[in-house]
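Colleague: Here you go, one structure.
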Amino acid sequence: MSRRAVLWIAFAVVHAGVAWLGFLMPNQPMGDVHNVYDPWSRMALDGSAIVGITEPWVYPQLALLPMIAAQGLAPLAGYYLAWALVVTAVDALAFAVLVGRAHAVGRVTAAWFWLSFIALLGPIGLYRLDGFTTALAVLGCLWVVGRPWLASILLAVATWMKVWPAALLAAAVIALRRRGALVGGAVIVSALTLGGVVLAGGAANAFGFIGDQTSRGLQVEAPVSTPYLWGTFFDPRTFWVYYDRDMLTFQVTGTEVDTVIALMTPLLLVAMAGIAALGVIAVVRGARYATLFPPLSLALVLGFIVFNKVGSPQYLCWLVPSLVVGLVLDRRRWALPATVALGTALLTQLVYPLLYGGILTPALVPVTVLTVRNLALIALLVWMVVRLAAIVRSPVRDAAALRAASFA
(Lines give C-alpha, C1' and ligand atoms only; values in the text may rest on other atoms or scores of the structure.)
Protein backbone atom coordinates (compact mmCIF):
# COMPACT_ATOMS: atom_id res chain seq x y z
CA MET A 1 0.00 0.00 0.00
CA SER A 2 1.35 3.44 -0.94
CA ARG A 3 2.19 6.12 1.60
CA ARG A 4 -0.52 8.33 0.13
CA ALA A 5 -3.15 5.62 0.58
CA VAL A 6 -2.10 5.08 4.18
CA LEU A 7 -2.34 8.81 4.85
CA TRP A 8 -5.84 9.04 3.39
CA ILE A 9 -7.01 6.03 5.37
CA ALA A 10 -5.62 7.68 8.50
CA PHE A 11 -7.37 10.92 7.53
CA ALA A 12 -10.72 9.13 7.32
CA VAL A 13 -10.19 7.21 10.57
CA VAL A 14 -9.09 10.29 12.54
CA HIS A 15 -11.97 12.46 11.36
CA ALA A 16 -14.57 9.74 11.86
CA GLY A 17 -13.18 8.91 15.29
CA VAL A 18 -13.06 12.51 16.47
CA ALA A 19 -16.56 13.16 15.13
CA TRP A 20 -17.83 10.10 17.02
CA LEU A 21 -16.09 11.15 20.25
CA GLY A 22 -18.07 14.36 20.16
CA PHE A 23 -21.19 12.34 20.96
CA LEU A 24 -19.51 10.43 23.80
CA MET A 25 -17.47 12.96 25.76
CA PRO A 26 -18.84 15.02 28.67
CA ASN A 27 -19.39 18.78 28.90
CA GLN A 28 -20.88 19.21 25.43
CA PRO A 29 -17.86 19.52 23.13
CA MET A 30 -20.39 20.00 20.29
CA GLY A 31 -22.36 22.61 22.24
CA ASP A 32 -21.67 25.62 20.01
CA VAL A 33 -22.79 23.72 16.91
CA HIS A 34 -26.21 23.04 18.41
CA ASN A 35 -26.64 26.09 20.62
CA VAL A 36 -25.44 28.89 18.32
CA TYR A 37 -24.29 27.81 14.84
CA ASP A 38 -27.56 26.06 14.04
CA PRO A 39 -29.94 28.84 15.22
CA TRP A 40 -27.77 31.63 13.79
CA SER A 41 -27.74 30.03 10.34
CA ARG A 42 -31.45 29.13 10.43
CA MET A 43 -32.34 32.72 11.35
CA ALA A 44 -30.26 33.98 8.43
CA LEU A 45 -31.94 31.57 6.01
CA ASP A 46 -35.47 32.37 7.11
CA GLY A 47 -34.77 36.12 7.19
CA SER A 48 -35.76 36.67 10.79
CA ALA A 49 -32.32 38.05 11.72
CA ILE A 50 -28.82 38.03 10.28
CA VAL A 51 -26.11 38.23 12.91
CA GLY A 52 -23.46 40.76 12.01
CA ILE A 53 -25.99 42.59 9.83
CA THR A 54 -29.20 43.21 11.74
CA GLU A 55 -27.53 42.86 15.14
CA PRO A 56 -24.00 42.92 16.58
CA TRP A 57 -22.09 39.64 16.48
CA VAL A 58 -19.05 38.16 18.19
CA TYR A 59 -17.69 36.90 14.83
CA PRO A 60 -16.90 38.66 11.53
CA GLN A 61 -19.68 38.36 8.97
CA LEU A 62 -18.26 35.60 6.73
CA ALA A 63 -18.40 33.18 9.66
CA LEU A 64 -22.01 32.58 8.66
CA LEU A 65 -20.96 30.89 5.39
CA PRO A 66 -19.85 27.49 6.75
CA MET A 67 -22.76 27.52 9.21
CA ILE A 68 -25.22 28.01 6.35
CA ALA A 69 -23.37 25.40 4.24
CA ALA A 70 -23.95 22.85 7.00
CA GLN A 71 -27.69 23.57 6.83
CA GLY A 72 -27.62 22.20 3.28
CA LEU A 73 -26.60 18.78 4.62
CA ALA A 74 -28.61 18.92 7.84
CA PRO A 75 -31.78 17.32 6.37
CA LEU A 76 -29.72 14.23 5.49
CA ALA A 77 -27.54 13.84 8.57
CA GLY A 78 -28.65 16.30 11.25
CA TYR A 79 -26.79 19.52 11.96
CA TYR A 80 -24.08 17.95 14.15
CA LEU A 81 -22.90 15.56 11.47
CA ALA A 82 -23.50 18.12 8.73
CA TRP A 83 -21.08 20.48 10.45
CA ALA A 84 -18.51 17.70 10.88
CA LEU A 85 -18.82 16.85 7.17
CA VAL A 86 -18.32 20.49 6.12
CA VAL A 87 -15.15 20.79 8.23
CA THR A 88 -13.92 17.39 7.03
CA ALA A 89 -14.45 18.43 3.42
CA VAL A 90 -12.35 21.59 3.71
CA ASP A 91 -9.75 19.62 5.69
CA ALA A 92 -9.62 17.10 2.85
CA LEU A 93 -8.97 19.84 0.30
CA ALA A 94 -6.09 21.28 2.32
CA PHE A 95 -4.78 17.80 3.10
CA ALA A 96 -4.75 16.89 -0.60
CA VAL A 97 -2.68 19.96 -1.43
CA LEU A 98 -0.31 19.25 1.46
CA VAL A 99 0.23 15.55 0.71
CA GLY A 100 0.35 15.75 -3.08
CA ARG A 101 1.72 12.41 -4.28
CA ALA A 102 3.31 11.79 -0.87
CA HIS A 103 6.82 11.72 -2.38
CA ALA A 104 8.28 14.55 -0.26
CA VAL A 105 9.23 13.46 3.24
CA GLY A 106 8.56 16.92 4.63
CA ARG A 107 5.00 16.93 3.33
CA VAL A 108 4.34 13.45 4.68
CA THR A 109 5.74 14.44 8.08
CA ALA A 110 3.57 17.56 8.14
CA ALA A 111 0.51 15.50 7.18
CA TRP A 112 1.07 13.05 10.04
CA PHE A 113 1.58 15.96 12.41
CA TRP A 114 -1.74 17.53 11.39
CA LEU A 115 -3.65 14.27 11.77
CA SER A 116 -2.02 13.66 15.16
CA PHE A 117 -2.94 17.16 16.25
CA ILE A 118 -6.59 16.68 15.26
CA ALA A 119 -6.74 13.41 17.20
CA LEU A 120 -5.02 14.82 20.31
CA LEU A 121 -7.10 18.01 20.42
CA GLY A 122 -10.30 16.01 20.02
CA PRO A 123 -13.86 17.06 19.17
CA ILE A 124 -13.41 20.70 20.14
CA GLY A 125 -11.20 21.20 17.08
CA LEU A 126 -13.77 19.67 14.72
CA TYR A 127 -16.96 21.09 16.19
CA ARG A 128 -15.89 24.74 16.19
CA LEU A 129 -15.46 27.39 13.53
CA ASP A 130 -11.72 27.42 14.22
CA GLY A 131 -11.39 23.98 12.61
CA PHE A 132 -12.85 25.31 9.36
CA THR A 133 -10.62 28.39 9.32
CA THR A 134 -7.55 26.29 10.12
CA ALA A 135 -7.95 24.35 6.87
CA LEU A 136 -8.29 27.58 4.89
CA ALA A 137 -5.21 28.93 6.64
CA VAL A 138 -3.19 25.79 5.84
CA LEU A 139 -4.12 26.19 2.16
CA GLY A 140 -3.22 29.87 2.22
CA CYS A 141 0.15 29.23 3.86
CA LEU A 142 0.99 26.45 1.39
CA TRP A 143 0.22 28.70 -1.58
CA VAL A 144 1.60 31.97 -0.25
CA VAL A 145 4.80 31.80 -2.33
CA GLY A 146 3.59 30.18 -5.54
CA ARG A 147 0.09 31.69 -5.65
CA PRO A 148 0.13 34.81 -3.49
CA TRP A 149 -3.15 36.26 -4.82
CA LEU A 150 -5.06 33.08 -4.08
CA ALA A 151 -3.31 32.65 -0.74
CA SER A 152 -4.17 36.20 0.27
CA ILE A 153 -7.82 35.72 -0.68
CA LEU A 154 -8.05 32.51 1.37
CA LEU A 155 -6.36 34.04 4.40
CA ALA A 156 -8.54 37.15 4.15
CA VAL A 157 -11.71 35.06 3.91
CA ALA A 158 -10.56 33.10 6.97
CA THR A 159 -9.86 36.39 8.77
CA TRP A 160 -13.41 37.56 8.04
CA MET A 161 -14.61 34.37 9.74
CA LYS A 162 -12.26 34.42 12.76
CA VAL A 163 -9.75 37.23 13.20
CA TRP A 164 -6.70 35.08 14.03
CA PRO A 165 -5.59 34.29 10.40
CA ALA A 166 -4.70 37.98 10.13
CA ALA A 167 -1.54 37.01 12.02
CA LEU A 168 -0.55 34.64 9.20
CA LEU A 169 -1.35 37.25 6.56
CA ALA A 170 0.71 39.85 8.39
CA ALA A 171 3.66 37.44 8.64
CA ALA A 172 3.41 36.72 4.90
CA VAL A 173 3.33 40.43 4.02
CA ILE A 174 6.46 40.97 6.13
CA ALA A 175 8.38 37.91 4.92
CA LEU A 176 7.59 37.89 1.19
CA ARG A 177 8.64 40.23 -1.57
CA ARG A 178 5.31 40.01 -3.47
CA ARG A 179 3.55 42.19 -0.92
CA GLY A 180 1.34 43.87 -3.51
CA ALA A 181 -0.43 40.61 -4.31
CA LEU A 182 -0.86 39.72 -0.65
CA VAL A 183 -2.23 43.12 0.28
CA GLY A 184 -4.32 43.31 -2.90
CA GLY A 185 -6.13 40.04 -2.29
CA ALA A 186 -6.92 41.02 1.29
CA VAL A 187 -8.18 44.44 0.21
CA ILE A 188 -10.48 42.90 -2.42
CA VAL A 189 -12.00 40.43 0.05
CA SER A 190 -12.42 43.11 2.70
CA ALA A 191 -13.97 45.58 0.27
CA LEU A 192 -16.43 43.00 -1.05
CA THR A 193 -17.34 41.88 2.46
CA LEU A 194 -17.85 45.37 3.82
CA GLY A 195 -19.68 46.43 0.67
CA GLY A 196 -22.08 43.52 1.06
CA VAL A 197 -22.62 44.33 4.74
CA VAL A 198 -23.38 47.98 3.96
CA LEU A 199 -25.74 47.10 1.09
CA ALA A 200 -27.56 44.70 3.40
CA GLY A 201 -28.08 47.54 5.88
CA GLY A 202 -25.54 46.37 8.44
CA ALA A 203 -23.06 49.27 8.39
CA ALA A 204 -23.61 49.95 12.09
CA ASN A 205 -22.63 46.35 12.93
CA ALA A 206 -19.80 45.92 10.42
CA PHE A 207 -17.11 45.87 13.11
CA GLY A 208 -19.25 44.81 16.05
CA PHE A 209 -17.04 41.77 16.60
CA ILE A 210 -14.18 44.06 17.66
CA GLY A 211 -16.20 45.71 20.40
CA ASP A 212 -17.48 42.34 21.63
CA GLN A 213 -13.95 41.03 22.01
CA THR A 214 -12.44 44.07 23.72
CA SER A 215 -15.26 44.25 26.28
CA ARG A 216 -14.92 40.63 27.41
CA GLY A 217 -13.74 39.49 30.83
CA LEU A 218 -11.05 36.90 31.62
CA GLN A 219 -12.08 33.50 30.27
CA VAL A 220 -11.18 30.74 32.67
CA GLU A 221 -8.80 28.89 30.29
CA ALA A 222 -6.79 31.95 29.16
CA PRO A 223 -3.13 32.09 30.28
CA VAL A 224 -3.72 35.43 32.01
CA SER A 225 -6.46 33.80 34.09
CA THR A 226 -4.12 31.21 35.61
CA PRO A 227 -3.33 33.18 38.81
CA TYR A 228 -7.03 33.90 39.29
CA LEU A 229 -7.86 30.24 38.79
CA TRP A 230 -5.39 29.26 41.49
CA GLY A 231 -6.96 31.98 43.60
CA THR A 232 -10.34 30.26 43.29
CA PHE A 233 -8.64 27.09 44.53
CA PHE A 234 -6.93 28.63 47.58
CA ASP A 235 -9.24 31.58 48.39
CA PRO A 236 -12.73 31.04 46.93
CA ARG A 237 -14.16 33.98 48.92
CA THR A 238 -11.95 36.43 46.99
CA PHE A 239 -11.70 34.69 43.61
CA TRP A 240 -14.37 32.69 41.82
CA VAL A 241 -15.59 31.38 38.45
CA TYR A 242 -18.86 32.65 36.96
CA TYR A 243 -20.82 32.19 33.72
CA ASP A 244 -21.13 35.16 31.37
CA ARG A 245 -24.52 34.77 29.67
CA ASP A 246 -23.73 37.37 27.00
CA MET A 247 -20.48 35.70 25.86
CA LEU A 248 -21.60 32.16 26.76
CA THR A 249 -18.29 31.46 28.51
CA PHE A 250 -17.01 30.81 32.01
CA GLN A 251 -14.84 33.63 33.35
CA VAL A 252 -12.84 34.37 36.49
CA THR A 253 -12.98 37.36 38.77
CA GLY A 254 -11.24 38.62 41.87
CA THR A 255 -8.77 41.24 43.10
CA GLU A 256 -7.98 43.97 40.53
CA VAL A 257 -9.65 41.99 37.74
CA ASP A 258 -10.96 45.16 36.06
CA THR A 259 -7.43 46.54 35.88
CA VAL A 260 -6.16 43.35 34.30
CA ILE A 261 -9.05 43.32 31.82
CA ALA A 262 -8.29 46.92 30.83
CA LEU A 263 -4.57 46.20 30.36
CA MET A 264 -4.84 43.05 28.26
CA THR A 265 -5.93 44.56 24.93
CA PRO A 266 -3.15 47.24 24.94
CA LEU A 267 -0.67 44.57 26.02
CA LEU A 268 -1.78 42.33 23.18
CA LEU A 269 -1.32 45.14 20.65
CA VAL A 270 2.15 46.00 22.00
CA ALA A 271 3.22 42.35 21.93
CA MET A 272 2.01 41.85 18.36
CA ALA A 273 3.69 45.07 17.23
CA GLY A 274 6.96 44.00 18.87
CA ILE A 275 6.91 40.59 17.19
CA ALA A 276 6.08 42.15 13.82
CA ALA A 277 8.94 44.65 14.29
CA LEU A 278 11.38 41.77 14.79
CA GLY A 279 10.16 40.32 11.50
CA VAL A 280 10.61 43.63 9.67
CA ILE A 281 14.14 44.03 11.03
CA ALA A 282 14.97 40.48 9.95
CA VAL A 283 13.78 41.24 6.41
CA VAL A 284 15.83 44.44 6.29
CA ARG A 285 18.86 42.39 7.31
CA GLY A 286 18.29 39.93 4.47
CA ALA A 287 16.24 37.07 5.96
CA ARG A 288 14.31 35.04 3.41
CA TYR A 289 10.81 33.64 3.54
CA ALA A 290 11.80 30.03 4.21
CA THR A 291 13.79 31.08 7.27
CA LEU A 292 11.49 33.79 8.59
CA PHE A 293 7.87 32.95 7.88
CA PRO A 294 7.36 29.86 10.08
CA PRO A 295 8.72 31.34 13.35
CA LEU A 296 7.27 34.79 12.67
CA SER A 297 3.79 33.49 11.88
CA LEU A 298 3.83 31.09 14.83
CA ALA A 299 5.03 33.84 17.19
CA LEU A 300 2.22 36.14 16.03
CA VAL A 301 -0.38 33.39 16.45
CA LEU A 302 0.97 32.53 19.90
CA GLY A 303 0.85 36.23 20.77
CA PHE A 304 -2.86 36.18 19.94
CA ILE A 305 -3.29 33.25 22.34
CA VAL A 306 -0.95 34.12 25.22
CA PHE A 307 -1.99 37.78 25.55
CA ASN A 308 -5.69 37.16 24.93
CA LYS A 309 -8.39 37.56 27.56
CA VAL A 310 -10.19 34.70 25.83
CA GLY A 311 -8.68 31.23 25.95
CA SER A 312 -11.12 28.90 24.26
CA PRO A 313 -9.67 25.38 23.81
CA GLN A 314 -10.25 25.43 20.05
CA TYR A 315 -7.68 28.23 19.77
CA LEU A 316 -5.02 25.52 19.77
CA CYS A 317 -6.01 24.84 16.12
CA TRP A 318 -4.29 28.10 15.28
CA LEU A 319 -0.86 26.53 15.80
CA VAL A 320 -1.29 24.11 12.89
CA PRO A 321 -0.62 26.19 9.72
CA SER A 322 2.75 27.62 10.81
CA LEU A 323 3.97 24.24 12.03
CA VAL A 324 2.81 22.49 8.86
CA VAL A 325 4.83 24.94 6.75
CA GLY A 326 7.80 24.64 9.10
CA LEU A 327 7.81 20.84 8.84
CA VAL A 328 7.52 20.95 5.06
CA LEU A 329 10.49 23.32 4.80
CA ASP A 330 12.75 21.84 7.49
CA ARG A 331 11.28 18.88 9.36
CA ARG A 332 14.33 18.38 11.57
CA ARG A 333 14.40 21.96 12.80
CA TRP A 334 10.64 22.00 13.42
CA ALA A 335 10.21 18.50 14.89
CA LEU A 336 10.61 19.63 18.51
CA PRO A 337 8.26 22.66 18.35
CA ALA A 338 5.72 20.43 16.61
CA THR A 339 6.07 17.84 19.37
CA VAL A 340 5.51 20.52 22.02
CA ALA A 341 2.41 21.65 20.14
CA LEU A 342 1.09 18.08 20.12
CA GLY A 343 1.59 17.96 23.87
CA THR A 344 -0.39 21.19 24.32
CA ALA A 345 -3.19 19.72 22.18
CA LEU A 346 -3.40 16.63 24.39
CA LEU A 347 -3.39 18.72 27.58
CA THR A 348 -6.12 20.89 26.10
CA GLN A 349 -8.36 17.89 25.42
CA LEU A 350 -7.75 16.70 28.98
CA VAL A 351 -8.86 20.12 30.25
CA TYR A 352 -11.85 20.33 27.92
CA PRO A 353 -14.01 18.37 27.79
CA LEU A 354 -12.64 15.65 30.10
CA LEU A 355 -11.62 17.54 33.26
CA TYR A 356 -13.66 20.70 32.79
CA GLY A 357 -15.79 20.20 35.88
CA GLY A 358 -12.61 20.43 37.94
CA ILE A 359 -11.85 23.80 36.33
CA LEU A 360 -15.25 25.35 37.05
CA THR A 361 -15.23 24.02 40.61
CA PRO A 362 -11.45 24.10 40.99
CA ALA A 363 -9.71 20.82 41.81
CA LEU A 364 -5.97 20.30 42.05
CA VAL A 365 -5.34 17.97 39.09
CA PRO A 366 -7.45 19.81 36.46
CA VAL A 367 -6.08 23.22 37.46
CA THR A 368 -2.52 21.84 37.36
CA VAL A 369 -3.07 20.36 33.89
CA LEU A 370 -4.40 23.67 32.59
CA THR A 371 -1.50 25.54 34.19
CA VAL A 372 1.06 23.24 32.54
CA ARG A 373 -0.70 23.74 29.19
CA ASN A 374 -0.61 27.51 29.56
CA LEU A 375 3.04 27.50 30.62
CA ALA A 376 3.87 25.37 27.56
CA LEU A 377 2.19 27.93 25.30
CA ILE A 378 4.13 30.76 26.93
CA ALA A 379 7.37 28.79 26.58
CA LEU A 380 6.64 28.14 22.91
CA LEU A 381 6.05 31.86 22.35
CA VAL A 382 9.35 32.74 24.06
CA TRP A 383 11.08 30.07 21.95
CA MET A 384 9.78 31.58 18.72
CA VAL A 385 10.76 35.11 19.78
CA VAL A 386 14.26 33.85 20.56
CA ARG A 387 14.39 32.26 17.10
CA LEU A 388 13.34 35.55 15.53
CA ALA A 389 16.04 37.39 17.47
CA ALA A 390 18.58 34.84 16.23
CA ILE A 391 17.43 35.40 12.63
CA VAL A 392 17.83 39.15 13.11
CA ARG A 393 21.41 38.57 14.25
CA SER A 394 22.27 36.03 11.54
CA PRO A 395 19.75 36.00 8.67
CA VAL A 396 19.91 32.88 6.49
CA ARG A 397 19.70 33.25 2.75
CA ASP A 398 18.58 29.88 1.47
CA ALA A 399 17.50 29.97 -2.16
CA ALA A 400 16.91 26.20 -2.30
CA ALA A 401 14.53 26.37 0.65
CA LEU A 402 12.72 29.28 -0.98
CA ARG A 403 12.22 27.22 -4.15
CA ALA A 404 10.94 24.34 -2.02
CA ALA A 405 8.42 26.70 -0.47
CA SER A 406 6.70 27.23 -3.84
CA PHE A 407 4.11 24.53 -3.28
CA ALA A 408 2.48 25.10 -6.67
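Quick note on naming: the chains in the C-alpha coordinates go A, B, ... in the order shown, residues restart at 1 in each chain, and ligands are numbered from 1 in order of appearance.
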Just want the 8 Å neighbourhood of Tyr242 (chain A), counted on only C-alpha atoms, with same-chain residues fewer than 4 positions away dropped. Output as a count of residues only.
Modeller: 4
Colleague: Just want the 12 Å neighbourhood of Leu346 (chain A), counted on only C-alpha atoms, with same-chain residues fewer than 6 positions away dropped. Output as an MDAnalysis selection string.
Modeller: chainID A and resid 116:125 313:314 316:317 339:340 352:354 369:370 372:373 376
Colleague: Any idea what the distance is between CA of Val173 (chain A) and CA of Phe293 (chain A)?
Modeller: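 Separating CA of Val173 (chain A) from CA of Phe293 (chain A) is a distance of 9.6 Å.
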Colleague: Applying 10 Å and only C-alpha atoms, which residues near region 204-220 of chain A remain after dropping the ones on its own chain fewer than 3 positions away? List them as a ChimeraX atom specification.
Modeller: /A:51-61,162-163,193-198,201,223-226,228-229,240-244,246-247,249-253,257-258,260-262,264-266,308-312,359-360,370
Colleague: Mind checking which residues fall within 8 Å of region 267-277 of chain A, counting only C-alpha atoms, ignoring those fewer than 3 positions away in the same chain, and posting them as a PyMOL selection string?
Modeller: chain A and resi 170-171+174+263-264+280-281+296+299-300+303-304+307-308+385
Colleague: Excluding region 29-45 of chain A and its own-chain neighbours fewer than 2 positions away, which residues fall within 10 Å of it when counting only C-alpha atoms? Please give them as an NGL selection string.
Modeller: :A and (19 or 21-27 or 47-51 or 53-54 or 63-71 or 74 or 79-84 or 122-129 or 248 or 349 or 352-354)
Colleague: Using backbone DSSP assignments, extract all strand (DSSP E or B) residues from region 131-255 of chain A; output them as a list in words.
Modeller: Leu218, Gln219, Trp240, Val241, Tyr242, Tyr243, Asp244, Thr249, Phe250, Gln251, Val252 and Thr253 of chain A
Colleague: So which one's closest to Arg387 (chain A), A:Val6, A:Leu278, A:Ala92, A:Val183? Using only C-alpha atoms, please.
Modeller: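 The answer is A:Leu278, which sits nearest to Arg387 (chain A).
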Colleague: Just asking: which residues within region 130-187 of chain A are helix (DSSP H, G or I) according to DSSP, as JSON, numbers by chain?
Modeller: {"A": [130, 131, 132, 133, 134, 135, 136, 137, 138, 139, 140, 141, 142, 143, 148, 149, 150, 151, 152, 153, 154, 155, 156, 157, 158, 159, 166, 167, 168, 169, 170, 171, 172, 173, 174, 175, 179, 180, 181, 182, 183, 184, 185, 186, 187]}
Colleague: Which residue is closest to Ala94 (chain A)? Choose from A:Ala135, A:Val284, A:Leu199, A:Ala191 and count only C-alpha atoms.
Modeller: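 Among the listed residues, the smallest separation from Ala94 (chain A) belongs to A:Ala135.
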Colleague: Excluding Ala104 (chain A) and residues on its chain fewer than 5 positions from it, collect all residues at most 9 Å away from it, counting only C-alpha atoms, and give them as a list in words.
Modeller: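 Listing them by chain and then by number gives Val99, Thr109 and Val328 of chain A.
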Colleague: Include C-alpha atoms and write out the residues we just selected as an mmCIF file, in the first residue's frame.
Modeller:
```cif
data_model
loop_
_atom_site.group_PDB
_atom_site.id
_atom_site.type_symbol
_atom_site.label_atom_id
_atom_site.label_comp_id
_atom_site.auth_asym_id
_atom_site.auth_seq_id
_atom_site.Cartn_x
_atom_site.Cartn_y
_atom_site.Cartn_z
ATOM 1 C CA VAL A 99 0.231 15.553 0.709
ATOM 2 C CA THR A 109 5.739 14.438 8.079
ATOM 3 C CA VAL A 328 7.522 20.952 5.063
#
```
Colleague: Taking only C-alpha atoms into account, which of A:Arg332, A:Arg147, A:Arg4, A:His15 comes nearest Trp114 (chain A)?
Modeller: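 Checking each of A:Arg332, A:Arg147, A:Arg4, A:His15 against Trp114 (chain A), counting only C-alpha atoms, the winner is A:His15.
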Colleague: Ranking A:Ala137, A:Ala341, A:Ala167, A:Val108 by minimum distance to Leu155 (chain A) and counting only C-alpha atoms, which one comes first?
Modeller: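 The closest residue to Leu155 (chain A) is A:Ala137.
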Colleague: Could you work out how far CA of Ser152 (chain A) lies from CA of Gly180 (chain A), giving the answer in Å with one decimal?
Modeller: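 Value for the CA of Gly180 (chain A)-CA of Ser152 (chain A) distance: 10.2 Å.
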Colleague: So how far away is CA of Leu136 (chain A) from CA of Arg107 (chain A), in Å?
Modeller: 17.1 Å
Colleague: Which of these residues is nearest to Trp20 (chain A), using only C-alpha atoms: A:Ala345, A:Leu364, A:Leu85, A:Asp235?
Modeller: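 Of all the options, A:Leu85 lies closest to Trp20 (chain A).
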